[in-house]
Amino acid sequence: MSENQRIIEIEVLRYNPETDKEPSRQVFEVPFTDDMSVLQGVQYIKDYLDGSLSFRWSCRMAICGSCGMMINGEPSLSCETFLRDYYPARVRVEALAHFPIEKDLVINMEGFIEKLESIQPYIIPKEERTLAQGEYLQTPAQLASYEQFSSCINCMLCYAACPQFGLNAEFIGPAAMALLHRYNIDSRDAGKAERMELVNSEEGVFNCTAVGYCSEVCPKHVDPANAVNQNKTNSAADYFLRFLTPKGGAK
Amino acid sequence: MKKTLKRSNAPIFWALFGAGGMLSALLGPILVFITGLAVPLGMLLPADTMSYANMLTFAQNIIGKGFIFAIISLFLWHAAHRIFHSLHDVGIHAGIVAKLIFYGGAMVGTLITAYTLLAIGF
Ligand code: SF4
Ligand code: FES
């Protein structure tokens, strides 16, 4: 193992809000092998070089969505980004952009959680079915229409990628909009009118200027930009047609 | 939902922006070619294609009027929206003032176009 073990420099953005006035950079020299991810690199730092370094992780296999970081300026899952792809250059690791830093690489995700709650991420049936009536059935085609939008792992990479969220943290943003869309187009759901209020609002879809970077960085190919842009059309239709239909989406 | 949500008026500007974008993508290049290259350089089209008499007849025709109006007005709305949002992107949040200048500009342009097209008669 030692012959293919090399040393890479990892530059980490450090910040402890209790003691530091502002974030600063610290460089560590980390021995690595070809199969080591950036996450394993920062784990090495914590285990052997500086135990005070904070970061989030869990699954190590791009499923839990907790290890998102800016790696050389790009929002990435650190468990599926490899040190070998940066060597011999230095790799720069920072907390996800556009979020307040809790400590080092850990961001405060409270705002995001509130957004997830606000879209009512559950099926709102037209009529409750009793147990005796059985399950809510759905055809494979009906499933296929929203499946892609249900693969989100809440990693928030798309928020770190979105310049409009960076300018206005109130913007509901890509992942929450993709999830909202997922429920709105689910054949078993009847909550669209309620959710459209959010889509139509000043925090809604029209903050998006169709940059598309959110979909590029998404590790699960959710394509949140697609959900946002489909809902611009939905929202515009709702805006103009509400005068024609008895009950439109919002006030 | 805790916050009271205010409906955004963006769909109006977005729809005008979208219509203008579609039109400029479809017709912009060919218009530049016709008015900027083909006619002045005498390529493909007869030299008097855009003579005053021809253009006046075109602008007095009801379909011609509609075409000219849509091109000028929607292009203006498209440009106004694009510039307004680009300013926001580069960090200039001029807010209501910029909104008035750009959308107001497009509105004035639209009105002048409409007035002129009506003034030259049918
Ligand atoms: S949409 Fe993609 S990038 Fe955004 S939070 Fe979900 S999985 Fe992550
Ligand atoms: S550790 Fe779970 S996605 Fe990276």
# chains A, B, ... in the order shown; residues from 1 in each chain; ligands from 1

$ interface_residues --of "chain A" --to "chain B" --cutoff "7 Å" --atoms "only C-alpha atoms" --output "PyMOL selection string"
chain A and resi 118+198+200-202+206+236+239

$ residues_around --residues "Asn231 of chain A" --least-positions-apart "3" --cutoff "9 Å" --atoms "only C-alpha atoms" --output "list of chain:residue names"
A:Met177, A:His181, A:Met196, A:Val199, A:Asn200, A:Val205, A:Asn226, A:Ala227, A:Val228, A:Asn234, A:Ser235, A:Ala236

$ residues_near_ligand --ligand "ligand 2" --cutoff "7 Å" --atoms "only C-alpha atoms and all ligand atoms" --output "list in words"
Trp57, Ser58, Cys59, Arg60, Met61, Ala62, Ile63, Cys64, Gly65, Ser66, Cys67, Gly68, Leu77, Ser78, Cys79 and Glu80 of chain A

$ residues_near_ligand --ligand "ligand 1" --cutoff "8 Å" --atoms "only C-alpha atoms and all ligand atoms" --output "PyMOL selection string"
chain A and resi 65+149+151-159+174-176+178+214-215+217-224

$ select_by_dssp --residues "segment 2-211 of chain A" --states "helix (DSSP H, G or I)" --output "ChimeraX atom specification"
/A:2-4,38-49,78-80,83-85,110-118,131-133,140-150,157-161,163-167,174-184,192-200,205-207
